[in-house]
Each structure stands twice: as C-alpha cells, then as structure tokens.
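Below you'll find the structure, written out as structure tokens, and then a few comments.
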Amino acid sequence: MKKETIAINTPYARTDAYGSLAVPIYTNVSFEFDNAEEMADAFCFRIKAPDYGRVANPTVSNLEQRVRQLTGAAHVTAFNSGMAAISGMLLTVSAQGKNIVTSQHLFGNTWALINGMSRFGVKPNLLDLTDLNAVEKAVDEQTCCIFLEIVTNPQQEVADIKALAEIAHRYGVPLIADSTAIPFTDTNMKELGVDFEVVSSTKYLSGGGTSLGGLIIDYGAFPDYTKRIKLDLLLNLGAYMTPHAAYMQTLGLETLNVRYQRQAANALWLAKAMREVEGIKKVTYIGLPDNPYHELAQRQFGPTAGAMLTIDLESKEACFSFLNRLKLIHRATNLFDNRTLAIHPASTIFGLFSEHQLEQMDVRQTTIRLSIGLEHPEDLLSDIKQALLA
C-alpha cells in the first residue's frame, strides 16, 4: 500500500469492543491481566501488552505502530515533546568521557542541551557538518554519535547525510538525525544511512498545533541502544507521550501527506514571489533552484523542500515593525502549523544567547522565520506586502 493508505488503515493491535474506526483514547493508568504469568511477561517486555500507563498505552502504541509501518523502522517510541525525544536519544548513546559530533547551526534548545551535557562529562564537538574533512578529523574513539538536523533551523543548512553516515559507521557509532523539517512520509532516512530519527511530532503530525509530542524512530542497527530506550527511557525517565496527544496526532497523521504537499507548494510559491517584493533583502528557501543546498536537498528529500523559509529585512527594527503590522500571518512560535506563523528568531528562540554566540550560529538580527500554512498563498503575500509598505 502507498503511504497515504498506510497512515489511515494500519490495523489496531486488538479489535475494539464497539468497532470504533478511530482509535479510542485510553486515559486509564492500569491494565488487568488474565493471570500472573502474562503480567510478568508484559512487565519484562517478553510480550507486547500494556501494563502501566507511564510505559505503555494502547492509544500511544497505535500511533507508534502507524509510524513504524510508514517508515519501515524496527521500533518507534513516542515521547511527550520533541525535546524529550532528543534528550532521551542523546542520553541513550552518551556517557562520561564521550563526545557528540554535531553542527554549530542547531535549534537553540538543542544547542543548549548538547553544550549543557558537558556538566556530566560529555563533550560537545560543534563544527561545520558540510565540511566532511572537518567531520572526519573530529570523530575519534570517544565519539558516541554524529547528530544533525536535516535542515537547520533557521539557517536552512543541508549536510550530505549519506557521507556523514559513512563516516559514523566507519567508527561504529550511530548517525542521529532530527528530521522534523521534512516529514518522514516524504523522506527515506533509512536509505540515506540514518540509524535513529528524532522528530518533533508537535509540528507536521499535530498540524493544528493541538498537542505536544516527539518520536524516536529506530531502524534497529544498534540493538544495545534499542534496549536502553525501552528500559532506561521508558521505565526510568517518565517522558512517555500522553494518550490524548497520541489521539490528536493520529488524526493529524491521517491527513499529513495532503497537508504537507499544500504547505510545501505554498512555501515555494511564496519564496519565488517574495523575491520581487520591495523591502525584502533576501529570501532563503532550499526549494529555490539557485539555493546552494537545492541540488543536495532534492537528491536527499525529493521534490518538496518543507514549509520553513526565512526573509531578511534591513534591520532588527524593520523586522519588529513588520511583525507588528501583520494582519493575517500570526506572530507565534512553532513550525508547520496549519496557520502561517512568523517569528524573529534572534530575539526569541535565541534570545538568551550572546551576540558572539548568535554570530557563531549564523543567527542574524535581520532575519524573520516564516512557517507556511494552508492559507491561499496570494492572501499571505498580500499581508506580507502591506506589512512592509506600512
């Protein structure tokens, strides 16, 4: 079956007593067993059955199963936010004395997390992941993983994933990719050599910005880490996705492909149109043919390029004025909502970083990040024009 069909028709683990077509929301904490033997097997992961709501829930398991079918993953684990998935993944692979090879162009909270892990003896090794020679020199016997964002936020840098995978696997370490920027229904990270995907399902899956969530998509190449995710993360950290969030994101998953195709098309149309708008100094979008990462992005992700783009204006003051005059586009954080959202990353997402740090991360005071939604692109362009002209 095609992915659009799989997203809607993945069967439930057990037939619902009332024949519900939508997966029910199981908000209960405990689940009764027929006998002591079955209870023991469930608690020790010898059989797959819900035992306690902190580590297993039928509504959440159904979402995990659908994502597993869509991606061809060996295992999928749902968490209560994207950052919970990232932090859990990095805790799984790291240890005192190890180092993480990653980009200096990371989402602000991810950057802070990785640098903060130095308190526990895990060294952050931030560099340019597009420079493969630098990556080759940085990886050593103490490296625990190479971590990247497939499209960095907001810089929109794209690294060669296959080449990074070859380096990682030569040293016997996993390649971990935050693939939030382009949904897994439109990419094949396993084929590119990624061992673990981390995804903020708050974004495309939720769609309407209705729920928080995160996923670790595990392709099974590192079984010891798979075991740690099951035992250490689920049993001991308490970061499992809630049933209501899983229900909302299952609904979102069923319409993900059609929404994403529209959003990506809107983003490309707007990126082209905004180049002709007076007052916009620069438009950055990997879907534009003359973007320096366009060819690599097309080769890795296919014809679509996501729904995130940036524009640069004259100054920080011009950015604030533009944001304040928007009438249709929403001044809000989050990405890949059904609505179009605008934010000034340097003063918000990266607002607690120093000017020197912002310069290192290539986050400019003149940049506005746009997350393109489902509105008609001509209406969005009209709003952008009036905000600039005013």
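So you can find residues: chains in the structure tokens are A, B, ... in the order shown, residues in each start at 1, and ligands are numbered from 1 in order.
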For this session: Using only C-alpha atoms, determine which residues lie at most 10 Å from Leu215 of chain A, disregarding the query and same-chain residues fewer than 4 positions distant; provide the list as a VMD selection string.
Result: chain A and resid 64 67 76 to 86 89 178 180 196 to 202 240 to 241
Produce a file of the selected residues containing C-alpha atoms, as a PDB file, in the first residue's frame.
ATOM      1  CA  GLU A  64       3.857   4.189  17.176  1.00  0.00           C
ATOM      2  CA  VAL A  67       4.743   5.444  12.155  1.00  0.00           C
ATOM      3  CA  VAL A  76       9.156   3.646  17.286  1.00  0.00           C
ATOM      4  CA  THR A  77       8.840   5.238  20.715  1.00  0.00           C
ATOM      5  CA  ALA A  78       6.621   8.254  21.390  1.00  0.00           C
ATOM      6  CA  PHE A  79       7.572  10.947  23.901  1.00  0.00           C
ATOM      7  CA  ASN A  80       5.799  13.949  25.335  1.00  0.00           C
ATOM      8  CA  SER A  81       7.786  16.504  23.280  1.00  0.00           C
ATOM      9  CA  GLY A  82      10.403  16.743  20.578  1.00  0.00           C
ATOM     10  CA  MET A  83      12.995  17.880  23.100  1.00  0.00           C
ATOM     11  CA  ALA A  84      12.166  14.844  25.272  1.00  0.00           C
ATOM     12  CA  ALA A  85      12.907  12.619  22.252  1.00  0.00           C
ATOM     13  CA  ILE A  86      16.194  14.432  21.546  1.00  0.00           C
ATOM     14  CA  MET A  89      18.190   9.794  22.475  1.00  0.00           C
ATOM     15  CA  ASP A 178      16.448  15.406  13.655  1.00  0.00           C
ATOM     16  CA  THR A 180      11.410  17.448  11.833  1.00  0.00           C
ATOM     17  CA  PHE A 196      17.858   6.958  14.580  1.00  0.00           C
ATOM     18  CA  GLU A 197      15.448   9.735  13.635  1.00  0.00           C
ATOM     19  CA  VAL A 198      14.184  12.139  16.260  1.00  0.00           C
ATOM     20  CA  VAL A 199      11.063  14.072  15.325  1.00  0.00           C
ATOM     21  CA  SER A 200       9.048  16.791  16.974  1.00  0.00           C
ATOM     22  CA  SER A 201       5.599  15.413  16.205  1.00  0.00           C
ATOM     23  CA  THR A 202       4.240  18.680  17.625  1.00  0.00           C
ATOM     24  CA  TYR A 240       6.114   8.856  27.512  1.00  0.00           C
ATOM     25  CA  MET A 241       3.516  10.545  25.290  1.00  0.00           C
TER      26      MET A 241
END
For this session: Identify, on the basis of only C-alpha atoms, every residue whose closest approach to segment 29-44 of chain A does not exceed 12 Å; exclude the query and any residue fewer than 3 positions from it along the same chain; express the result as an NGL selection string.
Result: :A and (25-26 or 47-58 or 227 or 230-231 or 234-235 or 242-243)
Using only C-alpha atoms, which residues sit within 9 Å of Phe107 of chain A once same-chain residues fewer than 5 positions away are excluded, as a PDB file with N, CA, C and O atoms, in the first residue's frame?
ATOM      1  N   ALA A 112      21.701  24.312  23.393  1.00  0.00           N
ATOM      2  CA  ALA A 112      21.888  24.472  24.842  1.00  0.00           C
ATOM      3  C   ALA A 112      21.965  23.116  25.540  1.00  0.00           C
ATOM      4  O   ALA A 112      22.765  22.923  26.472  1.00  0.00           O
ATOM      5  N   GLU A 149      20.607  18.105  12.196  1.00  0.00           N
ATOM      6  CA  GLU A 149      19.270  18.452  11.739  1.00  0.00           C
ATOM      7  C   GLU A 149      19.301  18.392  10.220  1.00  0.00           C
ATOM      8  O   GLU A 149      20.203  18.962   9.594  1.00  0.00           O
ATOM      9  N   THR A 152      18.686  22.796   8.940  1.00  0.00           N
ATOM     10  CA  THR A 152      18.860  23.501  10.207  1.00  0.00           C
ATOM     11  C   THR A 152      17.867  24.648  10.327  1.00  0.00           C
ATOM     12  O   THR A 152      17.424  25.230   9.338  1.00  0.00           O
ATOM     13  N   ASN A 153      17.534  24.981  11.569  1.00  0.00           N
ATOM     14  CA  ASN A 153      16.507  25.961  11.895  1.00  0.00           C
ATOM     15  C   ASN A 153      17.117  27.097  12.701  1.00  0.00           C
ATOM     16  O   ASN A 153      17.567  26.859  13.823  1.00  0.00           O
ATOM     17  N   PRO A 154      17.200  28.318  12.173  1.00  0.00           N
ATOM     18  CA  PRO A 154      16.569  28.809  10.943  1.00  0.00           C
ATOM     19  C   PRO A 154      17.517  28.942   9.745  1.00  0.00           C
ATOM     20  O   PRO A 154      17.124  29.454   8.715  1.00  0.00           O
ATOM     21  N   ILE A 349      13.686  32.633  20.097  1.00  0.00           N
ATOM     22  CA  ILE A 349      14.252  31.292  20.241  1.00  0.00           C
ATOM     23  C   ILE A 349      15.706  31.358  20.693  1.00  0.00           C
ATOM     24  O   ILE A 349      16.168  30.535  21.490  1.00  0.00           O
ATOM     25  N   PHE A 350      16.441  32.362  20.194  1.00  0.00           N
ATOM     26  CA  PHE A 350      17.850  32.527  20.534  1.00  0.00           C
ATOM     27  C   PHE A 350      18.068  33.767  21.393  1.00  0.00           C
ATOM     28  O   PHE A 350      19.176  34.293  21.474  1.00  0.00           O
TER      29      PHE A 350
END
Exercise. With only C-alpha atoms as the atoms that count, which of A:Leu328, A:Met189, A:Leu251, A:Leu21 lies nearest to Ala73 of chain A?
Worked result: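 Of all the options, A:Met189 lies closest to Ala73 of chain A.
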For this session: Find, counting only C-alpha atoms, the residue in A:His244, A:Arg228, A:Arg331, A:His356 that gets nearest to Leu91 of chain A.
Result: A:Arg228
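Taking atom CA of Gly209 of chain A and atom CA of Ala305 of chain A as the two end points, the separation is 20.7 Å.
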Close residues, Ala307 of chain A itself excluded, 9 Å, only C-alpha atoms, min 3 positions apart in chain, as a compact mmCIF listing (two decimals) with all heavy atoms, in the first residue's frame:
# COMPACT_ATOMS: atom_id res chain seq x y z
N ALA A 181 12.09 18.87 9.95
CA ALA A 181 11.87 19.87 8.91
C ALA A 181 11.11 19.35 7.70
O ALA A 181 10.42 20.11 7.02
CB ALA A 181 13.21 20.46 8.47
N ILE A 182 11.26 18.05 7.40
CA ILE A 182 10.55 17.44 6.28
C ILE A 182 9.97 16.12 6.79
O ILE A 182 10.71 15.29 7.32
CB ILE A 182 11.47 17.21 5.08
CG1 ILE A 182 12.01 18.56 4.60
CG2 ILE A 182 10.73 16.49 3.95
CD1 ILE A 182 12.87 18.51 3.37
N TYR A 260 0.86 18.48 3.96
CA TYR A 260 2.26 18.82 3.69
C TYR A 260 2.47 19.22 2.23
O TYR A 260 3.19 20.19 1.95
CB TYR A 260 3.17 17.64 4.03
CG TYR A 260 4.59 17.89 3.56
CD1 TYR A 260 5.36 18.89 4.16
CD2 TYR A 260 5.13 17.18 2.49
CE1 TYR A 260 6.65 19.16 3.70
CE2 TYR A 260 6.41 17.45 2.03
CZ TYR A 260 7.16 18.44 2.65
OH TYR A 260 8.42 18.72 2.18
N GLN A 263 1.34 22.74 1.90
CA GLN A 263 2.22 23.68 2.58
C GLN A 263 3.53 23.87 1.81
O GLN A 263 4.02 25.00 1.68
CB GLN A 263 2.51 23.19 4.00
CG GLN A 263 1.35 23.35 4.96
CD GLN A 263 1.63 22.76 6.32
OE1 GLN A 263 1.45 21.56 6.52
NE2 GLN A 263 2.06 23.57 7.25
N ALA A 264 4.12 22.78 1.32
CA ALA A 264 5.37 22.87 0.57
C ALA A 264 5.16 23.65 -0.72
O ALA A 264 6.02 24.46 -1.12
CB ALA A 264 5.91 21.48 0.29
N ALA A 265 4.03 23.43 -1.39
CA ALA A 265 3.73 24.17 -2.62
C ALA A 265 3.54 25.65 -2.33
O ALA A 265 4.02 26.52 -3.07
CB ALA A 265 2.48 23.59 -3.29
N ASN A 266 2.85 25.96 -1.24
CA ASN A 266 2.67 27.36 -0.84
C ASN A 266 4.01 28.03 -0.55
O ASN A 266 4.25 29.18 -0.91
CB ASN A 266 1.78 27.44 0.41
CG ASN A 266 0.30 27.29 0.10
OD1 ASN A 266 -0.09 27.19 -1.06
ND2 ASN A 266 -0.51 27.24 1.14
N ALA A 267 4.89 27.29 0.16
CA ALA A 267 6.20 27.84 0.53
C ALA A 267 7.03 28.17 -0.72
O ALA A 267 7.66 29.22 -0.79
CB ALA A 267 6.95 26.86 1.43
N LEU A 268 7.02 27.27 -1.69
CA LEU A 268 7.78 27.51 -2.92
C LEU A 268 7.21 28.70 -3.68
O LEU A 268 7.97 29.56 -4.16
CB LEU A 268 7.77 26.25 -3.79
CG LEU A 268 8.52 26.35 -5.11
CD1 LEU A 268 9.99 26.71 -4.89
CD2 LEU A 268 8.40 25.04 -5.89
N TYR A 285 15.32 29.69 0.99
CA TYR A 285 14.45 28.51 0.95
C TYR A 285 15.14 27.45 0.09
O TYR A 285 15.53 27.74 -1.05
CB TYR A 285 13.08 28.87 0.37
CG TYR A 285 12.10 27.72 0.30
CD1 TYR A 285 11.73 27.02 1.44
CD2 TYR A 285 11.55 27.33 -0.92
CE1 TYR A 285 10.82 25.97 1.38
CE2 TYR A 285 10.63 26.29 -1.00
CZ TYR A 285 10.28 25.61 0.16
OH TYR A 285 9.39 24.55 0.10
N THR A 304 9.96 17.99 -2.79
CA THR A 304 9.46 19.00 -1.85
C THR A 304 10.58 19.47 -0.94
O THR A 304 11.56 18.76 -0.71
CB THR A 304 8.31 18.46 -1.00
OG1 THR A 304 8.77 17.32 -0.26
CG2 THR A 304 7.13 18.06 -1.87
N LEU A 335 6.31 25.43 14.43
CA LEU A 335 6.53 25.24 13.00
C LEU A 335 5.47 24.31 12.44
O LEU A 335 4.99 23.41 13.13
CB LEU A 335 7.92 24.64 12.72
CG LEU A 335 9.13 25.56 12.78
CD1 LEU A 335 10.41 24.74 12.81
CD2 LEU A 335 9.15 26.53 11.60
N PHE A 336 5.13 24.52 11.18
CA PHE A 336 4.31 23.60 10.38
C PHE A 336 2.90 23.43 10.93
O PHE A 336 2.30 22.38 10.84
CB PHE A 336 5.03 22.25 10.23
CG PHE A 336 6.50 22.41 9.90
CD1 PHE A 336 7.48 21.68 10.55
CD2 PHE A 336 6.90 23.34 8.94
CE1 PHE A 336 8.82 21.85 10.25
CE2 PHE A 336 8.25 23.52 8.64
CZ PHE A 336 9.22 22.77 9.30
N LEU A 370 9.52 32.24 8.66
CA LEU A 370 8.13 32.01 8.32
C LEU A 370 7.86 30.52 8.23
O LEU A 370 8.61 29.78 7.59
CB LEU A 370 7.77 32.67 6.99
CG LEU A 370 7.81 34.20 6.94
CD1 LEU A 370 7.70 34.68 5.49
CD2 LEU A 370 6.72 34.80 7.79
N SER A 371 6.82 30.07 8.89
CA SER A 371 6.32 28.70 8.75
C SER A 371 5.03 28.80 7.95
O SER A 371 4.05 29.40 8.41
CB SER A 371 6.07 28.07 10.12
OG SER A 371 5.39 26.84 9.98
N ILE A 372 5.03 28.24 6.75
CA ILE A 372 3.93 28.47 5.82
C ILE A 372 2.81 27.45 6.04
O ILE A 372 3.06 26.24 6.13
CB ILE A 372 4.43 28.40 4.36
CG1 ILE A 372 5.63 29.33 4.17
CG2 ILE A 372 3.29 28.77 3.40
CD1 ILE A 372 5.39 30.77 4.55
N GLY A 373 1.59 27.96 6.10
CA GLY A 373 0.44 27.12 6.39
C GLY A 373 -0.39 26.80 5.16
O GLY A 373 0.11 26.75 4.04
Exercise. Between A:Arg46, A:His330, A:Lys281, A:Arg262, which one has atoms that come closest to Ala318 of chain A, using only C-alpha atoms?
Worked result: A:Lys281
For this session: Enumerate, as a list in words, the complete set of residues in segment 236-388 of chain A that a backbone-based DSSP assignment places in strand (DSSP E).
Result: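 Answer for segment 236-388 of chain A, restricted to strand (DSSP E): Lys282, Val283, Thr284, Met308, Leu309, Thr310, Ile311, Asp312, His330, Arg331, Leu341, Ala342, Ile343, Thr367, Ile368, Arg369, Leu370 and Ser371 of chain A.
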For this session: Excluding Gly220 of chain A and any residue of its chain fewer than 5 positions from it, enumerate the residues within 9 Å of it, using only C-alpha atoms, and give them as a list in words.
Result: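 With the cut-off at 9 Å, the set is Ala73, Ala74, His75, Asp195, Phe196, Tyr225 and Thr226 of chain A.
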Would you save the residues of that selection, restricted to N, CA, C and O atoms, as a PDB file, in the first residue's frame?
ATOM      1  N   ALA A  73      10.676   1.283  10.105  1.00  0.00           N
ATOM      2  CA  ALA A  73      11.536   1.216  11.283  1.00  0.00           C
ATOM      3  C   ALA A  73      11.356  -0.099  12.032  1.00  0.00           C
ATOM      4  O   ALA A  73      10.323  -0.768  11.912  1.00  0.00           O
ATOM      5  N   ALA A  74      12.367  -0.444  12.809  1.00  0.00           N
ATOM      6  CA  ALA A  74      12.262  -1.620  13.670  1.00  0.00           C
ATOM      7  C   ALA A  74      11.436  -1.301  14.910  1.00  0.00           C
ATOM      8  O   ALA A  74      10.655  -2.127  15.379  1.00  0.00           O
ATOM      9  N   HIS A  75      11.614  -0.088  15.427  1.00  0.00           N
ATOM     10  CA  HIS A  75      10.902   0.326  16.642  1.00  0.00           C
ATOM     11  C   HIS A  75      10.609   1.822  16.554  1.00  0.00           C
ATOM     12  O   HIS A  75      11.398   2.588  16.002  1.00  0.00           O
ATOM     13  N   ASP A 195      20.509   6.057  11.451  1.00  0.00           N
ATOM     14  CA  ASP A 195      20.214   4.950  12.371  1.00  0.00           C
ATOM     15  C   ASP A 195      19.049   5.268  13.302  1.00  0.00           C
ATOM     16  O   ASP A 195      18.263   4.385  13.630  1.00  0.00           O
ATOM     17  N   PHE A 196      18.955   6.517  13.719  1.00  0.00           N
ATOM     18  CA  PHE A 196      17.858   6.958  14.580  1.00  0.00           C
ATOM     19  C   PHE A 196      17.368   8.316  14.076  1.00  0.00           C
ATOM     20  O   PHE A 196      18.165   9.226  13.874  1.00  0.00           O
ATOM     21  N   TYR A 225      21.340   0.032  22.036  1.00  0.00           N
ATOM     22  CA  TYR A 225      20.668   1.306  22.271  1.00  0.00           C
ATOM     23  C   TYR A 225      19.151   1.135  22.243  1.00  0.00           C
ATOM     24  O   TYR A 225      18.420   1.805  22.982  1.00  0.00           O
ATOM     25  N   THR A 226      18.669   0.225  21.393  1.00  0.00           N
ATOM     26  CA  THR A 226      17.230  -0.078  21.371  1.00  0.00           C
ATOM     27  C   THR A 226      16.776  -0.549  22.750  1.00  0.00           C
ATOM     28  O   THR A 226      15.730  -0.131  23.262  1.00  0.00           O
TER      29      THR A 226
END
For this session: Can you pull out every residue within 12 Å of Pro289 of chain A, counting only C-alpha atoms, but drop anything in the same chain fewer than 4 positions away, and send it as a PyMOL selection string?
Result: chain A and resi 268+271-272+284-285+293-298+303-305
Mind dumping the selected residues with all heavy atoms as a tab-separated table (two decimals), in the first residue's frame?
chain	number	residue	atom	x	y	z
A	268	LEU	N	7.02	27.27	-1.69
A	268	LEU	CA	7.78	27.51	-2.92
A	268	LEU	C	7.21	28.70	-3.68
A	268	LEU	O	7.97	29.56	-4.16
A	268	LEU	CB	7.77	26.25	-3.79
A	268	LEU	CG	8.52	26.35	-5.11
A	268	LEU	CD1	9.99	26.71	-4.89
A	268	LEU	CD2	8.40	25.04	-5.89
A	271	ALA	N	8.16	31.87	-1.77
A	271	ALA	CA	9.59	32.16	-1.84
A	271	ALA	C	9.93	32.83	-3.17
A	271	ALA	O	10.70	33.79	-3.22
A	271	ALA	CB	10.39	30.87	-1.68
A	272	LYS	N	9.35	32.34	-4.24
A	272	LYS	CA	9.59	32.94	-5.56
A	272	LYS	C	8.99	34.34	-5.63
A	272	LYS	O	9.62	35.29	-6.12
A	272	LYS	CB	9.00	32.05	-6.65
A	272	LYS	CG	9.73	30.73	-6.85
A	272	LYS	CD	9.03	29.88	-7.91
A	272	LYS	CE	9.79	28.58	-8.15
A	272	LYS	NZ	9.09	27.72	-9.15
A	284	THR	N	15.46	32.99	1.77
A	284	THR	CA	16.20	31.74	1.88
A	284	THR	C	15.23	30.58	1.97
A	284	THR	O	14.41	30.51	2.89
A	284	THR	CB	17.13	31.73	3.12
A	284	THR	OG1	17.99	32.87	3.07
A	284	THR	CG2	17.96	30.46	3.17
A	285	TYR	N	15.32	29.69	0.99
A	285	TYR	CA	14.45	28.51	0.95
A	285	TYR	C	15.14	27.45	0.09
A	285	TYR	O	15.53	27.74	-1.05
A	285	TYR	CB	13.08	28.87	0.37
A	285	TYR	CG	12.10	27.72	0.30
A	285	TYR	CD1	11.73	27.02	1.44
A	285	TYR	CD2	11.55	27.33	-0.92
A	285	TYR	CE1	10.82	25.97	1.38
A	285	TYR	CE2	10.63	26.29	-1.00
A	285	TYR	CZ	10.28	25.61	0.16
A	285	TYR	OH	9.39	24.55	0.10
A	293	TYR	N	22.00	24.75	-1.42
A	293	TYR	CA	21.72	23.39	-0.96
A	293	TYR	C	20.62	22.71	-1.76
A	293	TYR	O	20.22	21.60	-1.45
A	293	TYR	CB	21.32	23.41	0.52
A	293	TYR	CG	22.39	23.98	1.43
A	293	TYR	CD1	22.20	25.20	2.07
A	293	TYR	CD2	23.58	23.29	1.64
A	293	TYR	CE1	23.19	25.73	2.90
A	293	TYR	CE2	24.57	23.82	2.46
A	293	TYR	CZ	24.36	25.04	3.09
A	293	TYR	OH	25.34	25.55	3.90
A	294	HIS	N	20.13	23.39	-2.80
A	294	HIS	CA	18.96	22.89	-3.53
A	294	HIS	C	19.20	21.51	-4.13
A	294	HIS	O	18.39	20.58	-3.95
A	294	HIS	CB	18.58	23.87	-4.63
A	294	HIS	CG	17.43	23.41	-5.48
A	294	HIS	ND1	16.13	23.42	-5.03
A	294	HIS	CD2	17.39	22.88	-6.73
A	294	HIS	CE1	15.33	22.95	-5.97
A	294	HIS	NE2	16.07	22.61	-7.02
A	295	GLU	N	20.30	21.34	-4.85
A	295	GLU	CA	20.56	20.06	-5.53
A	295	GLU	C	20.69	18.92	-4.52
A	295	GLU	O	20.11	17.85	-4.70
A	295	GLU	CB	21.83	20.16	-6.37
A	295	GLU	CG	22.11	18.91	-7.19
A	295	GLU	CD	23.38	19.02	-8.01
A	295	GLU	OE1	23.93	20.14	-8.14
A	295	GLU	OE2	23.85	17.98	-8.49
A	296	LEU	N	21.45	19.16	-3.45
A	296	LEU	CA	21.61	18.12	-2.42
A	296	LEU	C	20.27	17.82	-1.75
A	296	LEU	O	19.93	16.66	-1.50
A	296	LEU	CB	22.63	18.58	-1.39
A	296	LEU	CG	22.87	17.64	-0.20
A	296	LEU	CD1	23.38	16.28	-0.66
A	296	LEU	CD2	23.86	18.28	0.79
A	297	ALA	N	19.49	18.85	-1.45
A	297	ALA	CA	18.19	18.66	-0.81
A	297	ALA	C	17.26	17.85	-1.70
A	297	ALA	O	16.56	16.94	-1.23
A	297	ALA	CB	17.56	20.01	-0.48
A	298	GLN	N	17.25	18.15	-3.00
A	298	GLN	CA	16.40	17.39	-3.93
A	298	GLN	C	16.83	15.93	-3.98
A	298	GLN	O	15.99	15.02	-4.02
A	298	GLN	CB	16.51	18.01	-5.32
A	298	GLN	CG	15.92	19.41	-5.43
A	298	GLN	CD	14.46	19.41	-5.76
A	298	GLN	OE1	14.05	18.97	-6.82
A	298	GLN	NE2	13.65	19.93	-4.85
A	303	PRO	N	11.29	16.02	-4.32
A	303	PRO	CA	10.90	17.29	-4.94
A	303	PRO	C	10.40	18.36	-3.98
A	303	PRO	O	10.38	19.54	-4.33
A	303	PRO	CB	9.78	16.88	-5.91
A	303	PRO	CG	9.23	15.62	-5.33
A	303	PRO	CD	10.38	14.91	-4.70
A	304	THR	N	9.96	17.99	-2.79
A	304	THR	CA	9.46	19.00	-1.85
A	304	THR	C	10.58	19.47	-0.94
A	304	THR	O	11.56	18.76	-0.71
A	304	THR	CB	8.31	18.46	-1.00
A	304	THR	OG1	8.77	17.32	-0.26
A	304	THR	CG2	7.13	18.06	-1.87
A	305	ALA	N	10.42	20.68	-0.41
A	305	ALA	CA	11.50	21.28	0.39
A	305	ALA	C	11.03	21.81	1.74
A	305	ALA	O	11.69	22.65	2.34
A	305	ALA	CB	12.15	22.40	-0.42
Exercise. Would you give me, as a ChimeraX atom specification, the residues in segment 104-192 of chain A that DSSP reads as alpha helix (DSSP H)?
Worked result: /A:108-116,132-138,161-170,189-192
Could you write those residues out with N, CA, C and O atoms, as a short mmCIF file (atom, residue, chain, number, x, y, z; two decimals), in the first residue's frame?
data_model
loop_
_atom_site.label_atom_id
_atom_site.label_comp_id
_atom_site.auth_asym_id
_atom_site.auth_seq_id
_atom_site.Cartn_x
_atom_site.Cartn_y
_atom_site.Cartn_z
N GLY A 108 18.04 26.42 19.00
CA GLY A 108 18.58 26.96 20.24
C GLY A 108 18.54 26.02 21.42
O GLY A 108 19.53 25.87 22.15
N ASN A 109 17.41 25.36 21.67
CA ASN A 109 17.31 24.47 22.82
C ASN A 109 18.17 23.23 22.66
O ASN A 109 18.73 22.71 23.64
N THR A 110 18.28 22.73 21.42
CA THR A 110 19.15 21.58 21.18
C THR A 110 20.61 21.96 21.41
O THR A 110 21.39 21.20 22.01
N TRP A 111 20.99 23.14 20.93
CA TRP A 111 22.35 23.65 21.14
C TRP A 111 22.65 23.75 22.64
O TRP A 111 23.70 23.32 23.11
N ALA A 112 21.70 24.31 23.39
CA ALA A 112 21.89 24.47 24.84
C ALA A 112 21.96 23.12 25.54
O ALA A 112 22.76 22.92 26.47
N LEU A 113 21.13 22.17 25.11
CA LEU A 113 21.15 20.83 25.70
C LEU A 113 22.51 20.16 25.51
O LEU A 113 23.11 19.65 26.46
N ILE A 114 23.00 20.16 24.26
CA ILE A 114 24.26 19.47 23.97
C ILE A 114 25.43 20.14 24.68
O ILE A 114 26.30 19.46 25.24
N ASN A 115 25.43 21.45 24.70
CA ASN A 115 26.51 22.14 25.43
C ASN A 115 26.39 21.93 26.93
O ASN A 115 27.39 21.81 27.62
N GLY A 116 25.16 21.84 27.43
CA GLY A 116 24.96 21.62 28.85
C GLY A 116 25.38 20.24 29.31
O GLY A 116 25.65 20.02 30.51
N LEU A 132 33.19 17.81 5.25
CA LEU A 132 33.38 16.39 5.59
C LEU A 132 34.78 16.11 6.10
O LEU A 132 34.97 15.20 6.93
N ASN A 133 35.78 16.86 5.65
CA ASN A 133 37.14 16.67 6.17
C ASN A 133 37.20 17.03 7.65
O ASN A 133 37.85 16.34 8.44
N ALA A 134 36.49 18.11 8.02
CA ALA A 134 36.46 18.50 9.44
C ALA A 134 35.74 17.45 10.28
O ALA A 134 36.16 17.15 11.40
N VAL A 135 34.68 16.88 9.74
CA VAL A 135 33.95 15.82 10.46
C VAL A 135 34.85 14.60 10.63
O VAL A 135 34.93 14.02 11.73
N GLU A 136 35.54 14.22 9.57
CA GLU A 136 36.43 13.06 9.63
C GLU A 136 37.49 13.24 10.71
O GLU A 136 37.82 12.31 11.45
N LYS A 137 38.03 14.44 10.82
CA LYS A 137 39.06 14.72 11.83
C LYS A 137 38.47 14.75 13.24
O LYS A 137 39.15 14.43 14.21
N ALA A 138 37.20 15.15 13.34
CA ALA A 138 36.60 15.31 14.67
C ALA A 138 36.19 13.99 15.30
O ALA A 138 36.20 13.84 16.52
N ILE A 161 23.92 13.64 4.06
CA ILE A 161 23.59 12.63 5.07
C ILE A 161 24.29 11.31 4.79
O ILE A 161 24.83 10.68 5.71
N LYS A 162 24.31 10.87 3.53
CA LYS A 162 24.98 9.61 3.20
C LYS A 162 26.45 9.65 3.56
O LYS A 162 27.00 8.68 4.10
N ALA A 163 27.11 10.76 3.27
CA ALA A 163 28.53 10.89 3.57
C ALA A 163 28.77 10.88 5.08
O ALA A 163 29.73 10.25 5.56
N LEU A 164 27.91 11.55 5.83
CA LEU A 164 28.03 11.54 7.29
C LEU A 164 27.79 10.14 7.85
O LEU A 164 28.47 9.71 8.80
N ALA A 165 26.85 9.41 7.25
CA ALA A 165 26.58 8.04 7.69
C ALA A 165 27.80 7.14 7.47
O ALA A 165 28.14 6.31 8.32
N GLU A 166 28.46 7.32 6.34
CA GLU A 166 29.66 6.52 6.07
C GLU A 166 30.74 6.76 7.10
O GLU A 166 31.40 5.82 7.56
N ILE A 167 30.93 8.01 7.47
CA ILE A 167 31.93 8.33 8.49
C ILE A 167 31.53 7.73 9.83
O ILE A 167 32.34 7.09 10.52
N ALA A 168 30.29 7.93 10.22
CA ALA A 168 29.81 7.41 11.51
C ALA A 168 29.97 5.91 11.59
O ALA A 168 30.47 5.36 12.59
N HIS A 169 29.57 5.21 10.55
CA HIS A 169 29.58 3.74 10.58
C HIS A 169 30.99 3.18 10.50
O HIS A 169 31.26 2.09 11.01
N ARG A 170 31.89 3.93 9.89
CA ARG A 170 33.29 3.51 9.87
C ARG A 170 33.87 3.47 11.28
O ARG A 170 34.75 2.67 11.59
N MET A 189 14.98 8.16 5.47
CA MET A 189 16.20 8.34 6.23
C MET A 189 16.99 7.04 6.35
O MET A 189 18.22 7.05 6.39
N LYS A 190 16.29 5.92 6.41
CA LYS A 190 16.99 4.64 6.49
C LYS A 190 17.86 4.41 5.26
O LYS A 190 19.01 3.98 5.36
N GLU A 191 17.32 4.74 4.10
CA GLU A 191 18.06 4.58 2.85
C GLU A 191 19.29 5.47 2.80
O GLU A 191 20.31 5.13 2.20
N LEU A 192 19.22 6.62 3.47
CA LEU A 192 20.36 7.55 3.50
C LEU A 192 21.40 7.16 4.54
O LEU A 192 22.46 7.78 4.60
#
Exercise. Which residue, A:Pro183, A:Gln156, A:Ser211, A:Asp224, has the smallest gap to Ala245 of chain A when you use only C-alpha atoms?
Worked result: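 Once distances to Ala245 of chain A are computed over only C-alpha atoms, the minimum belongs to A:Ser211.
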